[in-house]
Amino acid sequence: MDIPSIISEITSTKQGNAPKYDEGHVILTLLAIKKSQPIGRISLMRDVGLKEASMKTLIKRLKEAGLVETDKIGGTTLTEKGDMILREMETLVSYRPSVLSSIKWNAYGILVKGGNSLLNQRGILELRDLIIRQGAERVLIATFLNGRIELPPKTDEIAMGNLIQEIREAFPEAKDDDLALFITPPDLRLALKISLKVLPNVQHAS
């Protein structure tokens with residue numbers, strides 16, 4: 001399933017009107033629905049941080065894409081397709097709040113499974129610029145290779161102090177060829193948005 005393309009269609013400008021939500025809001029909404037379904041629009045507005053007009057538009061487009069079903073009394077629920085998107089994303093990325101005390105960061109960590117191909121394809125500077133353009137203030141990129149954690153372009157483990165261990169503890173499930181991105185501010189919506197921006201490159205490279 002081409003998740004980024006499906007989400008891009010939901011966030012696209014139609015009839016000259018650009019929606020006041022982004023890709024991160026879309027996945028955040030699907031997660032909120034899955035957690036509390038059936039869920040009403042007011043609760044979704046609170047959980048996702050969107051105003052009523054934007055949430056109405058988003059629910060309408062999610063319904064058009066076949067990702068949700070709505071009931072005026074019961075609220076909104078995920079369809080099998082909507083649930084499948086979330087399940088597939090879980091196989092591609094992990095994300096969680098992460099504290100990197102050694103550099104004094106309260107961050108959000110994103111583990112991209114098989115994401116090391118991104119560095120070969122785009123390079124460290126281009127990848128960092130891509131993430132910053134999505135709204136991140138700072139980004140730390142770490143790769144898992146041959147049982148080691150490296151911070152490209154060069155890693156000096158002695159100089160890094162506890163940082164390498166903190167990265168390992170943030171994602172103990174990481175395997176060789178995975179890529180970890182740590183961003184500030186620690187915002188789940190932003191982490192989801194960045195995940196969707198990098199996934200097409202990972203899938204293409206693989």
# chains A, B, ... in the order shown; residues from 1 in each chain; ligands from 1
>>> residues_around(residues="A:Met45", least_positions_apart="5", cutoff="12 Å", atoms="only C-alpha atoms", output="PyMOL selection string")
chain A and resi 21+25+28-29+32-33+39-40+50-59
>>> closest_atom_pairs(of="stretch 27-46 of chain A", to="stretch 87-105 of chain A", cutoff="12 Å", atoms="only C-alpha atoms", output="Markdown table")
| residue | atom | partner | partner_atom | distance |
| --- | --- | --- | --- | --- |
| A:Ile27 | CA | A:Met89 | CA | 9.6 |
| A:Leu30 | CA | A:Arg87 | CA | 11.1 |
| A:Leu31 | CA | A:Arg87 | CA | 10.5 |
| A:Lys34 | CA | A:Arg87 | CA | 11.0 |
>>> closest_residue(among="A:Thr70, A:Gln121, A:Thr184, A:Thr13", to="A:Arg138", atoms="only C-alpha atoms")
A:Thr184
>>> closest_residue(among="A:Gly109, A:Gly82, A:Gly74, A:Gly135", to="A:Gly24", atoms="only C-alpha atoms")
A:Gly135
>>> select_by_dssp(residues="stretch 4-133 of chain A", states="alpha helix (DSSP H)", output="PyMOL selection string")
chain A and resi 4-10+23-36+41-48+52-64+80-92+117-122+124-133
>>> select_by_dssp(residues="stretch 26-206 of chain A", states="strand (DSSP E)", output="PyMOL selection string")
chain A and resi 68-71+75-78+93-100+105-112+138-145+148-150+179-184
>>> write_last_selection(atoms="C-alpha atoms", output="short mmCIF file (atom, residue, chain, number, x, y, z; two decimals), in the first residue's frame")
data_model
loop_
_atom_site.label_atom_id
_atom_site.label_comp_id
_atom_site.auth_asym_id
_atom_site.auth_seq_id
_atom_site.Cartn_x
_atom_site.Cartn_y
_atom_site.Cartn_z
CA VAL A 68 -13.26 5.89 8.05
CA GLU A 69 -16.99 5.50 8.42
CA THR A 70 -19.22 8.00 10.19
CA ASP A 71 -22.50 7.69 12.05
CA GLY A 75 -19.37 8.85 15.74
CA THR A 76 -16.41 7.90 13.55
CA THR A 77 -14.76 4.50 13.22
CA LEU A 78 -11.90 3.11 11.14
CA VAL A 93 8.44 3.16 11.62
CA SER A 94 8.40 3.44 15.40
CA TYR A 95 8.11 6.73 17.25
CA ARG A 96 8.23 7.69 20.91
CA PRO A 97 9.27 10.54 23.24
CA SER A 98 13.01 10.35 23.91
CA VAL A 99 15.21 12.15 26.41
CA LEU A 100 18.84 12.62 25.35
CA TRP A 105 17.30 17.35 24.48
CA ASN A 106 13.68 16.48 25.13
CA ALA A 107 13.01 15.01 21.71
CA TYR A 108 10.77 12.72 19.71
CA GLY A 109 12.52 9.70 18.30
CA ILE A 110 11.64 8.10 14.96
CA LEU A 111 13.04 4.69 14.05
CA VAL A 112 12.86 4.07 10.30
CA ARG A 138 16.90 20.42 15.54
CA VAL A 139 17.59 16.91 14.31
CA LEU A 140 20.07 14.19 15.28
CA ILE A 141 20.56 11.31 12.84
CA ALA A 142 21.93 7.94 13.94
CA THR A 143 22.51 4.75 11.97
CA PHE A 144 22.67 1.15 13.14
CA LEU A 145 25.42 -0.72 11.32
CA ARG A 148 27.19 -0.33 16.25
CA ILE A 149 25.52 3.07 16.39
CA GLU A 150 27.11 5.75 14.25
CA LEU A 179 17.91 4.72 10.97
CA ALA A 180 17.01 6.78 14.04
CA LEU A 181 15.93 10.41 13.80
CA PHE A 182 15.62 12.53 16.94
CA ILE A 183 13.79 15.81 16.54
CA THR A 184 12.86 18.82 18.63
#
>>> closest_residue(among="A:Arg41, A:Arg61, A:Lys81, A:Arg128", to="A:Lys14", atoms="only C-alpha atoms")
A:Arg61
>>> closest_residue(among="A:Thr79, A:Asn162, A:Ser12, A:Ser195", to="A:Lys63", atoms="only C-alpha atoms")
A:Thr79
